[in-house]
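*Asks:* For reference, the structure I am asking about is given below.
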Amino acid sequence: MISFLSSAYLYSHLVREGVLWGIRVFCAICVVQLVVLVLHKLAVERRERREALLKSRYLARMYRSLVERRVMQSKPATREEYDALSDVCIYLMSSASAAELRLIADTARECGIADFYGHELARSHFWITKYQLVEKLGFLKLLELAPVFRRVLDEDEDQPQVVAKAAWALSLICREEDLPHLFARMSAPNFMSAKFNEHLFGNIIAAFRGRGESRRLLSLLSELLEGESIPLLVKRDFIEACGAAGFGEAEALITWSAQHLEESPEMRIACLRSMQKLGGGKVDSFILAGMRDSDWRVRAVAAKSVQRCSNDVVPALEEALSDQSYHVRVNAALSLAHKGEEGRAALSRQTGSRDRFVREVSRYVLRDTEVSC
């Protein structure tokens, strides 16, 4: 009995000592974590103050260089200085004139920004680091960086985020020899999205326009639209981009696409949307043809895309109120409400229609228009 009690006491004593040691260790760990967090916070704040000071200094120097029309030649010595100078250059490029852009680009070259980050990109193995470096280099829009971006597109297939960012960067400075690399990526089935492709095409259009090479771009893309080297959906993305970018020079190309790539409803819709955004004398005929299309999706888009059309489309919109598709009818009614007195007169006539839906949607749209006015 005594031995049992003594063993039980010893066991409870060991448990108590173990718990106390655990509490001490836990408290020590908490103290160490608190100290580390405080030191880390102080280090981060110090680095941020250092970065802000460097950026303010480089910004003042760059403003002085822009006023004096000369290239700044004080080459950075540390990574922090390179980051500060590149951020200042990117910030100034966002609102600079053409002459100032050339001066800022020359400064970036003279200070070795492209070489520094290009070297960092070549030796980096982490995708997030590569992504950040490609993004920073892309914002600089230096033509000599095109081989760097092409290399990333061709060699980093296992890092889709980096490849997408390299495609974006290359599209900003795109030249004729860069197009095959971009089209190869955009044509891949697992590459990003149609909206991203449209954004890339918009950048390509802006790059060629900025160099006065719009006709050459149209010639190259007309060959691609006629050929089979890129998928039909990528062709559709280009047509969409023409409208979004206000690329009026592509009107003939859009017309050709509507006539020769008509087997795809998506392409017909893209042509409708682009032509509506561009306006011009052909928009009425485009919209009227779209409203007679066999696919209800095309008719619905046509009925909605009448903002730049004349009132010649009002009879077709009135007829579309009796369309088999609900979406076409609603879009037609809403478009008539925004076509002035002639459109509202058509809706008023249809309030007495034998078709119950036509009567109700006409009354609803008219009432809603009166309330909003």
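Residues in the structure tokens are named by chain (A, B, ... in the order shown) and by number from 1 within that chain; ligands are numbered from 1 in the order shown.
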Can you tell me, as a list in words, what residues are no more than 10 Å from segment 211-227 of chain A when counting only C-alpha atoms, ignoring any on the same chain fewer than 3 positions away?
*Replies:*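 Residues meeting the cut-off are Ile173, Arg175, Glu176, Leu179, Phe183, Ile204, Ile205, Ala206, Ala207, Phe208, Ile230, Pro231, Leu232, Val234, Lys235, Arg236, Phe238, Ile239, Phe247, Glu249, Ala250, Ala252, Leu253, Ile254, Trp256, Ser257, His260 and Leu261 of chain A.
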*Asks:* Do you know which residues are at most 12 Å from Gly118 of chain A counting only C-alpha atoms, after dropping those on the same chain fewer than 3 positions away, and could you put them as a VMD selection string?
*Replies:* chain A and resid 109 112 to 115 121 to 124 130 132 to 138 142 144 to 149 151 to 152
*Asks:* Can you write out the residues you just picked, keeping N, CA and C atoms, as a PDB file, in the first residue's frame?
*Replies:*
```pdb
ATOM      1  N   ARG A 109      18.025  53.064 -69.866  1.00  0.00           N
ATOM      2  CA  ARG A 109      19.119  52.344 -70.519  1.00  0.00           C
ATOM      3  C   ARG A 109      20.467  52.769 -69.952  1.00  0.00           C
ATOM      4  N   GLY A 112      21.281  51.370 -66.645  1.00  0.00           N
ATOM      5  CA  GLY A 112      21.425  49.917 -66.590  1.00  0.00           C
ATOM      6  C   GLY A 112      20.274  49.180 -65.934  1.00  0.00           C
ATOM      7  N   ILE A 113      19.084  49.785 -65.929  1.00  0.00           N
ATOM      8  CA  ILE A 113      17.944  49.134 -65.273  1.00  0.00           C
ATOM      9  C   ILE A 113      17.573  47.839 -65.988  1.00  0.00           C
ATOM     10  N   ALA A 114      17.496  47.887 -67.312  1.00  0.00           N
ATOM     11  CA  ALA A 114      17.119  46.698 -68.067  1.00  0.00           C
ATOM     12  C   ALA A 114      18.140  45.587 -67.890  1.00  0.00           C
ATOM     13  N   ASP A 115      19.420  45.924 -67.936  1.00  0.00           N
ATOM     14  CA  ASP A 115      20.462  44.912 -67.765  1.00  0.00           C
ATOM     15  C   ASP A 115      20.407  44.292 -66.374  1.00  0.00           C
ATOM     16  N   LEU A 121      16.434  38.198 -63.705  1.00  0.00           N
ATOM     17  CA  LEU A 121      15.434  37.289 -64.263  1.00  0.00           C
ATOM     18  C   LEU A 121      16.082  35.995 -64.741  1.00  0.00           C
ATOM     19  N   ALA A 122      17.246  36.098 -65.357  1.00  0.00           N
ATOM     20  CA  ALA A 122      17.918  34.916 -65.908  1.00  0.00           C
ATOM     21  C   ALA A 122      18.354  33.941 -64.814  1.00  0.00           C
ATOM     22  N   ARG A 123      18.723  34.452 -63.662  1.00  0.00           N
ATOM     23  CA  ARG A 123      19.232  33.558 -62.616  1.00  0.00           C
ATOM     24  C   ARG A 123      18.174  33.181 -61.579  1.00  0.00           C
ATOM     25  N   SER A 124      16.970  33.702 -61.705  1.00  0.00           N
ATOM     26  CA  SER A 124      15.920  33.407 -60.735  1.00  0.00           C
ATOM     27  C   SER A 124      15.249  32.078 -61.077  1.00  0.00           C
ATOM     28  N   LYS A 130      10.121  35.849 -60.813  1.00  0.00           N
ATOM     29  CA  LYS A 130      10.135  36.067 -62.263  1.00  0.00           C
ATOM     30  C   LYS A 130       8.947  36.924 -62.688  1.00  0.00           C
ATOM     31  N   GLN A 132       7.317  39.193 -60.976  1.00  0.00           N
ATOM     32  CA  GLN A 132       7.525  40.588 -60.587  1.00  0.00           C
ATOM     33  C   GLN A 132       8.558  41.265 -61.480  1.00  0.00           C
ATOM     34  N   LEU A 133       9.629  40.544 -61.824  1.00  0.00           N
ATOM     35  CA  LEU A 133      10.672  41.127 -62.672  1.00  0.00           C
ATOM     36  C   LEU A 133      10.153  41.389 -64.082  1.00  0.00           C
ATOM     37  N   VAL A 134       9.397  40.428 -64.641  1.00  0.00           N
ATOM     38  CA  VAL A 134       8.843  40.615 -65.979  1.00  0.00           C
ATOM     39  C   VAL A 134       7.866  41.788 -65.993  1.00  0.00           C
ATOM     40  N   GLU A 135       7.063  41.905 -64.947  1.00  0.00           N
ATOM     41  CA  GLU A 135       6.121  43.020 -64.864  1.00  0.00           C
ATOM     42  C   GLU A 135       6.851  44.358 -64.834  1.00  0.00           C
ATOM     43  N   LYS A 136       7.902  44.442 -64.022  1.00  0.00           N
ATOM     44  CA  LYS A 136       8.651  45.700 -63.928  1.00  0.00           C
ATOM     45  C   LYS A 136       9.309  46.047 -65.263  1.00  0.00           C
ATOM     46  N   LEU A 137       9.893  45.047 -65.915  1.00  0.00           N
ATOM     47  CA  LEU A 137      10.515  45.288 -67.216  1.00  0.00           C
ATOM     48  C   LEU A 137       9.472  45.643 -68.274  1.00  0.00           C
ATOM     49  N   GLY A 138       8.295  45.027 -68.182  1.00  0.00           N
ATOM     50  CA  GLY A 138       7.244  45.321 -69.154  1.00  0.00           C
ATOM     51  C   GLY A 138       6.785  46.759 -69.101  1.00  0.00           C
ATOM     52  N   LEU A 142      10.790  48.985 -73.188  1.00  0.00           N
ATOM     53  CA  LEU A 142      12.028  49.126 -73.949  1.00  0.00           C
ATOM     54  C   LEU A 142      12.070  48.069 -75.048  1.00  0.00           C
ATOM     55  N   GLU A 144      14.436  46.813 -76.737  1.00  0.00           N
ATOM     56  CA  GLU A 144      15.524  45.834 -76.666  1.00  0.00           C
ATOM     57  C   GLU A 144      15.232  44.684 -75.701  1.00  0.00           C
ATOM     58  N   LEU A 145      14.129  44.797 -74.943  1.00  0.00           N
ATOM     59  CA  LEU A 145      13.765  43.728 -74.012  1.00  0.00           C
ATOM     60  C   LEU A 145      12.930  42.632 -74.676  1.00  0.00           C
ATOM     61  N   ALA A 146      12.577  42.822 -75.947  1.00  0.00           N
ATOM     62  CA  ALA A 146      11.746  41.818 -76.630  1.00  0.00           C
ATOM     63  C   ALA A 146      12.372  40.428 -76.606  1.00  0.00           C
ATOM     64  N   PRO A 147      13.691  40.274 -76.862  1.00  0.00           N
ATOM     65  CA  PRO A 147      14.282  38.915 -76.777  1.00  0.00           C
ATOM     66  C   PRO A 147      14.143  38.288 -75.401  1.00  0.00           C
ATOM     67  N   VAL A 148      14.191  39.100 -74.357  1.00  0.00           N
ATOM     68  CA  VAL A 148      14.035  38.581 -72.994  1.00  0.00           C
ATOM     69  C   VAL A 148      12.640  37.998 -72.819  1.00  0.00           C
ATOM     70  N   PHE A 149      11.630  38.739 -73.254  1.00  0.00           N
ATOM     71  CA  PHE A 149      10.251  38.271 -73.115  1.00  0.00           C
ATOM     72  C   PHE A 149       9.986  37.056 -73.998  1.00  0.00           C
ATOM     73  N   ARG A 151      12.151  34.809 -74.823  1.00  0.00           N
ATOM     74  CA  ARG A 151      12.801  33.670 -74.179  1.00  0.00           C
ATOM     75  C   ARG A 151      11.934  33.101 -73.050  1.00  0.00           C
ATOM     76  N   VAL A 152      11.313  33.990 -72.289  1.00  0.00           N
ATOM     77  CA  VAL A 152      10.421  33.526 -71.220  1.00  0.00           C
ATOM     78  C   VAL A 152       9.229  32.772 -71.812  1.00  0.00           C
TER      79      VAL A 152
END
```
*Asks:* Check the smallest atom-to-atom distance from each of A:Ala241, A:Cys111, A:Ile269, A:Met186 to Ser229 of chain A using only C-alpha atoms, then report the winner.
*Replies:*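 Smallest distance to Ser229 of chain A is found for A:Met186.
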*Asks:* Which residues are near Arg273 of chain A? Cut-off 9 Å, only C-alpha atoms, ignore same chain within fewer than 2 positions. Put them as a VMD selection string.
*Replies:* chain A and resid 239 to 240 243 to 244 268 to 271 275 to 278 301 to 302 305
*Asks:* Enumerate the residues of segment 55-262 of chain A with a DSSP assignment of alpha helix (DSSP H), computed from the backbone, and present them as an NGL selection string.
*Replies:* :A and (55-68 or 79-93 or 98-110 or 113-123 or 127-140 or 146-155 or 160-172 or 179-186 or 194-210 or 214-226 or 232-244 or 251-260)
*Asks:* Atom CA of Ala245 of chain A and atom CA of Leu103 of chain A, how far apart in Å?
*Replies:*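 Atom CA of Leu103 of chain A sits 26.6 Å away from atom CA of Ala245 of chain A.
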*Asks:* Which residues are close to segment 40-53 of chain A, i.e. within 12 Å by only C-alpha atoms, leaving aside same-chain residues fewer than 6 positions away? Reply as number ranges by chain.
*Replies:* A: 33-34, 59-60, 78-88
*Asks:* Would you pick out the contacts of Tyr364 of chain A at 12 Å or less, using only C-alpha atoms, so that residues sharing its chain but fewer than 2 positions from it are not included, and give the list as a compact mmCIF listing (two decimals) with C-alpha atoms, in the first residue's frame?
*Replies:*
```
# COMPACT_ATOMS: atom_id res chain seq x y z
CA VAL A 330 -36.48 42.71 -74.43
CA ALA A 333 -37.89 47.21 -76.57
CA LEU A 334 -35.11 48.79 -74.53
CA ALA A 337 -37.00 53.48 -75.80
CA ARG A 344 -41.22 55.67 -78.36
CA LEU A 347 -43.57 51.30 -78.58
CA SER A 348 -46.83 53.21 -78.17
CA GLN A 350 -47.31 48.13 -79.86
CA THR A 351 -49.14 48.72 -76.56
CA PHE A 357 -45.86 39.90 -74.24
CA VAL A 358 -45.42 42.69 -76.83
CA ARG A 359 -48.13 44.73 -75.11
CA GLU A 360 -46.68 44.27 -71.63
CA VAL A 361 -43.03 44.86 -72.48
CA SER A 362 -43.93 47.98 -74.50
CA LEU A 366 -42.50 53.23 -71.79
CA ARG A 367 -43.48 53.62 -68.13
CA ASP A 368 -39.92 53.02 -66.99
CA THR A 369 -38.62 55.62 -69.49
CA GLU A 370 -41.16 58.21 -68.29
CA VAL A 371 -40.19 57.60 -64.64
```
*Asks:* Just how far from atom CA of Gly22 of chain A is atom CA of Val35 of chain A, in Å to one decimal?
*Replies:*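 Spanning atom CA of Val35 of chain A to atom CA of Gly22 of chain A is a straight-line distance of 20.0 Å.
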*Asks:* Can you tell me which residues surround Ile287 of chain A at a distance of at most 7 Å, considering only C-alpha atoms, apart from same-chain residues fewer than 3 positions away, and format the answer as a list in words?
*Replies:* Leu272, Val283, Asp284, Gly290, Met291 and Ala302 of chain A
*Asks:* Let me see the file: selected residues, N, CA, C and O atoms, as a compact mmCIF listing (two decimals), in the first residue's frame.
*Replies:*
```
# COMPACT_ATOMS: atom_id res chain seq x y z
N LEU A 272 -20.35 42.46 -84.98
CA LEU A 272 -21.41 43.40 -84.62
C LEU A 272 -20.95 44.38 -83.54
O LEU A 272 -21.14 45.59 -83.65
N VAL A 283 -22.59 50.79 -90.16
CA VAL A 283 -23.12 50.21 -88.93
C VAL A 283 -24.59 49.83 -89.08
O VAL A 283 -25.04 48.80 -88.57
N ASP A 284 -25.38 50.65 -89.79
CA ASP A 284 -26.80 50.33 -89.97
C ASP A 284 -26.98 49.01 -90.69
O ASP A 284 -27.79 48.16 -90.27
N GLY A 290 -27.68 41.64 -88.76
CA GLY A 290 -27.64 40.86 -87.53
C GLY A 290 -29.02 40.55 -86.99
O GLY A 290 -29.25 39.47 -86.41
N MET A 291 -29.95 41.46 -87.15
CA MET A 291 -31.30 41.23 -86.65
C MET A 291 -32.08 40.23 -87.50
O MET A 291 -33.14 39.76 -87.10
N ALA A 302 -27.53 42.21 -81.80
CA ALA A 302 -27.85 43.25 -82.80
C ALA A 302 -28.93 44.19 -82.28
O ALA A 302 -28.85 45.42 -82.46
```
*Asks:* Can you work out which one of A:Ala346, A:Trp296, A:Tyr326, A:Val15 has the shortest atom-to-atom distance to Val314 of chain A, counting only C-alpha atoms?
*Replies:*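 Of A:Ala346, A:Trp296, A:Tyr326, A:Val15, the one nearest Val314 of chain A is A:Ala346, counting only C-alpha atoms.
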